[in-house]
file structure.cif (mmCIF, C-alpha atoms and all ligand atoms)
data_structure
#
loop_
_atom_site.label_atom_id
_atom_site.label_comp_id
_atom_site.auth_asym_id
_atom_site.auth_seq_id
_atom_site.Cartn_x
_atom_site.Cartn_y
_atom_site.Cartn_z
CA LEU W 1 117.80 118.31 55.64
CA THR W 2 115.12 120.85 56.31
CA VAL W 3 115.68 122.29 59.76
CA PHE W 4 114.02 124.91 61.89
CA SER W 5 116.75 127.05 63.37
CA GLU W 6 116.51 129.50 66.23
CA SER W 7 118.28 132.24 64.29
CA GLU W 8 117.42 131.52 60.64
CA GLY W 9 113.98 129.92 60.74
CA LEU W 10 113.34 127.18 58.19
CA ILE W 11 116.39 126.36 56.12
CA THR W 12 117.53 123.54 53.86
CA ILE W 13 121.02 122.17 54.35
CA LEU W 14 122.85 119.67 52.21
CA ALA W 15 123.99 116.78 54.42
CA LYS W 16 126.33 114.77 52.22
CA GLY W 17 126.44 111.04 52.89
CA ILE W 18 124.03 111.27 55.82
CA ARG W 19 121.97 108.26 54.76
CA LYS W 20 124.98 105.97 54.40
CA SER W 21 126.93 107.26 57.38
CA LYS W 22 127.61 104.90 60.28
CA LYS W 23 128.21 107.77 62.71
CA GLN W 24 125.89 107.32 65.66
CA GLU W 25 124.59 110.89 65.69
CA TYR W 26 123.54 110.52 62.06
CA THR W 27 121.66 107.27 62.63
CA LEU W 28 119.84 108.93 65.52
CA LEU W 29 118.69 111.82 63.35
CA ASN W 30 115.11 112.35 64.43
CA LEU W 31 112.48 114.84 63.40
CA LEU W 32 111.83 116.08 66.95
CA ASN W 33 115.37 116.21 68.30
CA GLU W 34 117.30 119.40 68.85
CA TYR W 35 120.80 119.64 67.42
CA GLU W 36 123.63 122.04 67.14
CA LEU W 37 124.60 122.26 63.48
CA VAL W 38 127.69 123.68 61.88
CA PHE W 39 127.37 124.40 58.18
CA THR W 40 129.23 126.32 55.53
CA GLU W 41 128.07 129.71 54.36
CA PRO W 42 126.14 129.00 51.16
CA ALA W 43 127.87 130.02 47.95
CA GLN W 44 125.55 131.79 45.55
CA GLY W 45 122.81 129.49 44.28
CA ASN W 46 123.98 126.54 46.39
CA LEU W 47 122.71 125.04 49.61
CA PRO W 48 124.79 125.35 52.76
CA ILE W 49 126.69 122.13 53.51
CA LEU W 50 126.51 120.44 56.89
CA SER W 51 129.92 119.90 58.47
CA GLU W 52 129.09 119.02 62.09
CA LEU W 53 126.08 117.83 64.00
CA THR W 54 125.74 117.45 67.77
CA LEU W 55 122.65 116.20 69.56
CA LEU W 56 121.52 118.70 72.22
CA LYS W 57 118.18 117.26 73.33
CA ASP W 58 116.38 114.17 72.21
CA PHE W 59 112.65 113.62 72.08
CA PRO W 60 112.03 110.22 73.75
CA THR W 61 110.80 107.48 71.41
CA ASP W 62 108.78 105.61 74.05
CA LEU W 63 105.99 108.18 74.47
CA PRO W 64 102.29 107.53 73.77
CA LEU W 65 101.19 107.78 70.13
CA GLN W 66 99.07 110.87 70.91
CA THR W 67 102.15 112.71 72.18
CA TRP W 68 104.00 111.91 68.95
CA ILE W 69 101.12 112.91 66.74
CA TYR W 70 100.71 116.33 68.34
CA ALA W 71 104.45 116.92 68.57
CA GLN W 72 104.74 116.24 64.83
CA ALA W 73 101.64 118.28 64.04
CA ALA W 74 103.22 121.38 65.64
CA VAL W 75 106.44 120.90 63.67
CA GLU W 76 104.48 120.31 60.47
CA LEU W 77 102.45 123.46 61.10
CA ILE W 78 105.65 125.52 61.37
CA THR W 79 106.57 124.36 57.85
CA LYS W 80 103.16 125.39 56.47
CA VAL W 81 102.91 128.98 57.61
CA LEU W 82 104.86 132.11 56.87
CA LEU W 83 106.62 133.21 60.04
CA PRO W 84 107.53 136.88 60.49
CA ALA W 85 111.35 137.08 60.45
CA GLU W 86 111.46 139.16 63.64
CA GLU W 87 109.53 136.49 65.58
CA ILE W 88 111.58 133.43 64.52
CA THR W 89 113.46 133.16 67.83
CA LEU W 90 110.24 133.44 69.87
CA VAL W 91 108.54 130.81 67.72
CA TYR W 92 111.55 128.53 68.16
CA GLN W 93 111.38 128.97 71.94
CA LEU W 94 107.62 128.38 71.91
CA LEU W 95 108.08 125.13 69.98
CA SER W 96 110.89 124.01 72.28
CA ARG W 97 108.80 124.65 75.42
CA TYR W 98 105.81 122.93 73.80
CA LEU W 99 107.80 119.78 72.99
CA ASP W 100 109.15 119.65 76.55
CA TYR W 101 105.73 120.15 78.11
CA LEU W 102 104.00 117.66 75.84
CA GLN W 103 106.25 114.85 77.08
CA ARG W 104 104.78 115.22 80.56
CA VAL W 105 101.15 115.30 79.44
CA GLN W 106 99.32 112.08 80.22
CA THR W 107 95.94 112.80 78.72
CA ASN W 108 94.27 115.14 76.19
CA ALA W 109 97.53 116.13 74.50
CA VAL W 110 95.41 117.58 71.71
CA CYS W 111 94.41 120.48 74.00
CA ILE W 112 98.06 121.41 74.46
CA PHE W 113 98.41 121.36 70.68
CA TRP W 114 95.49 123.79 70.30
CA ARG W 115 97.01 126.05 72.94
CA PHE W 116 100.28 125.95 70.98
CA VAL W 117 98.38 127.04 67.85
CA LEU W 118 96.81 129.94 69.80
CA HIS W 119 100.24 131.11 71.00
CA LEU W 120 101.68 130.73 67.50
CA LEU W 121 98.85 132.85 66.06
CA ASN W 122 99.62 135.54 68.64
CA LEU W 123 103.29 135.57 67.63
CA MET W 124 102.30 135.75 63.97
CA GLY W 125 100.18 138.82 64.70
CA ILE W 126 96.91 137.10 63.74
CA PRO W 127 95.39 136.29 67.16
CA ILE W 128 91.97 134.73 67.68
CA ASN W 129 89.84 136.55 70.23
CA LEU W 130 88.20 133.86 72.39
CA TYR W 131 86.13 136.26 74.46
CA ARG W 132 84.56 138.74 72.04
CA CYS W 133 82.41 138.32 68.97
CA SER W 134 84.51 139.15 65.89
CA ALA W 135 81.58 140.90 64.18
CA CYS W 136 79.87 143.05 66.87
CA GLY W 137 82.70 143.09 69.44
CA LYS W 138 80.42 142.20 72.37
CA PRO W 139 82.00 140.12 75.16
CA GLN W 140 80.89 136.46 75.09
CA ASP W 141 81.18 133.42 77.35
CA GLY W 142 80.93 131.02 74.45
CA PHE W 143 80.39 130.82 70.72
CA SER W 144 78.23 128.58 68.63
CA ALA W 145 79.73 129.42 65.24
CA TYR W 146 82.54 130.93 63.21
CA SER W 147 82.52 132.83 59.99
CA PRO W 148 83.36 131.19 56.66
CA LEU W 149 84.71 134.56 55.49
CA THR W 150 87.08 135.37 58.35
CA GLY W 151 87.32 132.11 60.30
CA GLN W 152 86.63 134.24 63.42
CA LEU W 153 84.11 133.49 66.16
CA LEU W 154 80.55 134.82 65.97
CA CYS W 155 77.95 135.38 68.72
CA ASP W 156 74.44 133.93 68.31
CA GLU W 157 73.03 137.25 67.12
CA CYS W 158 75.69 137.77 64.44
CA GLN W 159 75.48 134.12 63.40
CA GLN W 160 71.79 134.57 62.63
CA LYS W 161 72.56 137.59 60.45
CA ALA W 162 75.34 135.76 58.57
CA PRO W 163 74.15 133.86 55.48
CA THR W 164 76.24 130.80 56.35
CA SER W 165 78.55 129.82 59.19
CA PHE W 166 80.30 126.80 60.68
CA SER W 167 78.77 125.48 63.89
CA LEU W 168 80.56 124.70 67.10
CA ASN W 169 78.79 122.65 69.73
CA GLN W 170 78.67 123.82 73.32
CA GLU W 171 81.37 121.41 74.49
CA SER W 172 83.82 122.52 71.78
CA SER W 173 83.13 126.15 72.57
CA HIS W 174 83.75 125.45 76.27
CA ILE W 175 87.15 123.89 75.48
CA LEU W 176 88.05 126.96 73.41
CA SER W 177 87.34 129.29 76.31
CA LEU W 178 89.47 127.14 78.63
CA LEU W 179 92.45 126.89 76.27
CA PRO W 180 94.61 129.67 77.75
CA GLN W 181 94.50 127.85 81.16
CA ILE W 182 93.92 124.35 79.78
CA GLY W 183 96.83 122.85 81.75
CA ASN W 184 94.64 123.06 84.90
CA TYR W 185 91.80 121.04 83.38
CA LEU W 186 93.56 118.36 81.33
CA GLU W 187 92.86 115.48 83.71
CA ASP W 188 89.14 116.20 83.95
CA LEU W 189 88.22 116.75 80.32
CA VAL W 190 86.51 114.13 78.20
CA LEU W 191 86.78 114.92 74.50
CA SER W 192 84.61 113.25 71.89
CA ASP W 193 85.84 112.58 68.34
CA GLU W 194 83.35 115.19 67.15
CA MET W 195 84.82 117.88 69.41
CA VAL W 196 88.34 117.09 68.22
CA ARG W 197 87.16 117.19 64.60
CA GLN W 198 85.37 120.52 65.09
CA LEU W 199 88.28 122.24 66.81
CA HIS W 200 90.88 120.94 64.32
CA HIS W 201 88.66 122.32 61.58
CA PHE W 202 88.24 125.64 63.38
CA PHE W 203 92.00 126.23 63.73
CA LEU W 204 93.01 124.93 60.31
CA TYR W 205 90.20 126.84 58.63
CA TYR W 206 91.26 130.04 60.39
CA LEU W 207 94.86 129.52 59.22
CA SER W 208 93.68 128.71 55.68
CA VAL W 209 91.72 132.00 55.54
CA GLN W 210 94.70 133.95 56.88
CA PHE W 211 97.10 132.47 54.34
CA ASN W 212 94.57 132.28 51.55
CA ARG W 213 95.29 128.61 50.82
CA ASP W 214 94.24 125.25 52.14
CA ILE W 215 96.31 124.38 55.22
CA HIS W 216 96.15 120.70 55.96
CA LEU W 217 98.30 118.69 58.41
CA LYS W 218 99.14 115.11 57.46
CA SER W 219 100.12 114.36 61.08
CA LEU W 220 96.51 114.87 62.18
CA GLY W 221 95.35 112.22 59.71
CA LEU W 222 96.78 109.65 62.13
ZN ZN W 301 78.23 139.43 67.49
#
call {"tool": "encode", "arguments": {"input": "structure.cif", "output": "structure tokens", "more": "lines below"}}
Ligand SMILES: [Zn+2]
result
Amino acid sequence: LTVFSESEGLITILAKGIRKSKKQEYTLLNLLNEYELVFTEPAQGNLPILSELTLLKDFPTDLPLQTWIYAQAAVELITKVLLPAEEITLVYQLLSRYLDYLQRVQTNAVCIFWRFVLHLLNLMGIPINLYRCSACGKPQDGFSAYSPLTGQLLCDECQQKAPTSFSLNQESSHILSLLPQIGNYLEDLVLSDEMVRQLHHFFLYYLSVQFNRDIHLKSLGL
């Protein structure tokens, strides 16, 4: 099992016989559930071995597909980035709150996912500034582009000076500026496929630049 633990971060545990077990807690093993695990201290070169597993909180299985997709996307993202060891507990708590909140969201769950990414970036020490141009530092109400070099937002003036840049349409830029308070607007927003595509690209591109490799989430392919 690969698990994300509040104290250790991402770890792999050997769960002997888990696939064949008839124990109810094993058959209910679910990607988005929260468990208490007891495992042996790993001997040198070996994986720790699971000895006990107790379900603490389950993620309901009867939620809309969108809720599932964005819940899984957040978990997948955690496995793709390097988390600073000192922030593991805060990231764990962020993920836990996100999964709880997402269950109550009726519409535009994707916006809550983007807000989660913003918070995660803050905890990782690589925040995106939504209100100032990354090149000239001038305050902005919106952005029409981001830089292929840094993944950061550019004002119109700096965009024109840059040899190339990725465009954001006005609606996508508006959603970005609302993200920190997006919970207040969820019911009223209408998102087009193009806006969702643009903003997924914006966040994943930014992460790819930061980690110097292509970060892609299979969950979002759904
Ligand atoms: Zn600028």
call {"tool": "closest_atom_pairs", "arguments": {"input": "structure.cif", "of": "region 60-81 of chain W", "to": "region 207-219 of chain W", "cutoff": "7 Å", "atoms": "all atoms listed in the file", "output": "CSV"}}
result
residue,atom,partner,partner_atom,distance
W:Ile69,CA,W:Ser219,CA,5.9
W:Gln72,CA,W:Ser219,CA,6.2
W:Ala73,CA,W:Ser219,CA,5.1
W:Glu76,CA,W:Leu217,CA,6.7
W:Leu77,CA,W:Leu217,CA,6.9
call {"tool": "residues_near_point", "arguments": {"input": "structure.cif", "point": "(114.6, 135.8, 62.2)", "cutoff": "7 Å", "atoms": "all atoms listed in the file", "output": "PyMOL selection string"}}
result
chain W and resi 7-9+85-89
call {"tool": "atom_distance", "arguments": {"input": "structure.cif", "atom1": "CA of Leu191 (chain W)", "atom2": "CA of Ile175 (chain W)"}}
result
9.0 Å
call {"tool": "closest_residue", "arguments": {"input": "structure.cif", "among": "W:Val117, W:Leu178, W:Leu189, W:Cys136", "to": "ligand ZN 301 (chain W)", "atoms": "only C-alpha atoms and all ligand atoms"}}
result
W:Cys136
call {"tool": "residues_around", "arguments": {"input": "structure.cif", "residues": "Val196 (chain W)", "least_positions_apart": "5", "cutoff": "12 Å", "atoms": "all atoms listed in the file", "output": "ChimeraX atom specification"}}
result
/W:108-111,113-114,168-169,171-173,175-176,190-191,201-203,220
call {"tool": "atom_distance", "arguments": {"input": "structure.cif", "atom1": "CA of Arg132 (chain W)", "atom2": "CA of Tyr98 (chain W)"}}
result
26.5 Å
call {"tool": "residues_near_ligand", "arguments": {"input": "structure.cif", "ligand": "ligand ZN 301 (chain W)", "cutoff": "9 Å", "atoms": "only C-alpha atoms and all ligand atoms", "output": "list of chain:residue names"}}
result
W:Arg132, W:Cys133, W:Ser134, W:Ala135, W:Cys136, W:Gly137, W:Lys138, W:Pro139, W:Gln140, W:Leu153, W:Leu154, W:Cys155, W:Asp156, W:Glu157, W:Cys158, W:Gln159
call {"tool": "write_last_selection", "arguments": {"input": "structure.cif", "atoms": "C-alpha atoms", "output": "PDB file, in the coordinates of the input"}}
result
ATOM      1  CA  ARG W 132      84.560 138.740  72.040  1.00  0.00           C
ATOM      2  CA  CYS W 133      82.410 138.320  68.970  1.00  0.00           C
ATOM      3  CA  SER W 134      84.510 139.150  65.890  1.00  0.00           C
ATOM      4  CA  ALA W 135      81.580 140.900  64.180  1.00  0.00           C
ATOM      5  CA  CYS W 136      79.870 143.050  66.870  1.00  0.00           C
ATOM      6  CA  GLY W 137      82.700 143.090  69.440  1.00  0.00           C
ATOM      7  CA  LYS W 138      80.420 142.200  72.370  1.00  0.00           C
ATOM      8  CA  PRO W 139      82.000 140.120  75.160  1.00  0.00           C
ATOM      9  CA  GLN W 140      80.890 136.460  75.090  1.00  0.00           C
ATOM     10  CA  LEU W 153      84.110 133.490  66.160  1.00  0.00           C
ATOM     11  CA  LEU W 154      80.550 134.820  65.970  1.00  0.00           C
ATOM     12  CA  CYS W 155      77.950 135.380  68.720  1.00  0.00           C
ATOM     13  CA  ASP W 156      74.440 133.930  68.310  1.00  0.00           C
ATOM     14  CA  GLU W 157      73.030 137.250  67.120  1.00  0.00           C
ATOM     15  CA  CYS W 158      75.690 137.770  64.440  1.00  0.00           C
ATOM     16  CA  GLN W 159      75.480 134.120  63.400  1.00  0.00           C
TER      17      GLN W 159
END
call {"tool": "closest_residue", "arguments": {"input": "structure.cif", "among": "W:Leu118, W:Ile112, W:Leu130, W:Leu123", "to": "Tyr185 (chain W)", "atoms": "all atoms listed in the file"}}
result
W:Ile112
call {"tool": "residues_around", "arguments": {"input": "structure.cif", "residues": "Val38 (chain W)", "least_positions_apart": "6", "cutoff": "7 Å", "atoms": "only C-alpha atoms", "output": "ChimeraX atom specification"}}
result
/W:50-53
call {"tool": "closest_residue", "arguments": {"input": "structure.cif", "among": "W:Asp62, W:Asp100, W:Glu34, W:Asp141", "to": "Ser177 (chain W)", "atoms": "all atoms listed in the file"}}
result
W:Asp141
call {"tool": "closest_residue", "arguments": {"input": "structure.cif", "among": "W:Tyr92, W:Phe116, W:Trp68, W:Phe59", "to": "Val3 (chain W)", "atoms": "only C-alpha atoms"}}
result
W:Tyr92
call {"tool": "closest_residue", "arguments": {"input": "structure.cif", "among": "W:Ile182, W:Leu29, W:Leu90, W:Leu199", "to": "Leu55 (chain W)", "atoms": "only C-alpha atoms"}}
result
W:Leu29
call {"tool": "atom_distance", "arguments": {"input": "structure.cif", "atom1": "CA of Ser192 (chain W)", "atom2": "CA of Gln103 (chain W)"}}
result
22.3 Å
call {"tool": "closest_residue", "arguments": {"input": "structure.cif", "among": "W:Leu179, W:Leu37, W:Ile13, W:Leu204", "to": "Asn129 (chain W)", "atoms": "only C-alpha atoms"}}
result
W:Leu179
call {"tool": "residues_near_point", "arguments": {"input": "structure.cif", "point": "(87.5, 132.0, 64.4)", "cutoff": "7 Å", "atoms": "all atoms listed in the file", "output": "JSON, numbers by chain"}}
result
{"W": [128, 146, 147, 150, 151, 152, 153, 202, 206]}
call {"tool": "write_last_selection", "arguments": {"input": "structure.cif", "atoms": "C-alpha atoms", "output": "mmCIF file, in the frame of the given file"}}
result
data_model
loop_
_atom_site.group_PDB
_atom_site.id
_atom_site.type_symbol
_atom_site.label_atom_id
_atom_site.label_comp_id
_atom_site.auth_asym_id
_atom_site.auth_seq_id
_atom_site.Cartn_x
_atom_site.Cartn_y
_atom_site.Cartn_z
ATOM 1 C CA ILE W 128 91.970 134.730 67.680
ATOM 2 C CA TYR W 146 82.540 130.930 63.210
ATOM 3 C CA SER W 147 82.520 132.830 59.990
ATOM 4 C CA THR W 150 87.080 135.370 58.350
ATOM 5 C CA GLY W 151 87.320 132.110 60.300
ATOM 6 C CA GLN W 152 86.630 134.240 63.420
ATOM 7 C CA LEU W 153 84.110 133.490 66.160
ATOM 8 C CA PHE W 202 88.240 125.640 63.380
ATOM 9 C CA TYR W 206 91.260 130.040 60.390
#
call {"tool": "axis_aligned_box", "arguments": {"input": "structure.cif", "around": "region 135-140 of chain W", "padding_each_side": "3 Å", "output": "lines of an AutoDock Vina configuration file"}}
result
center_x = 81.3
center_y = 139.8
center_z = 69.7
size_x = 8.8
size_y = 12.6
size_z = 17.0
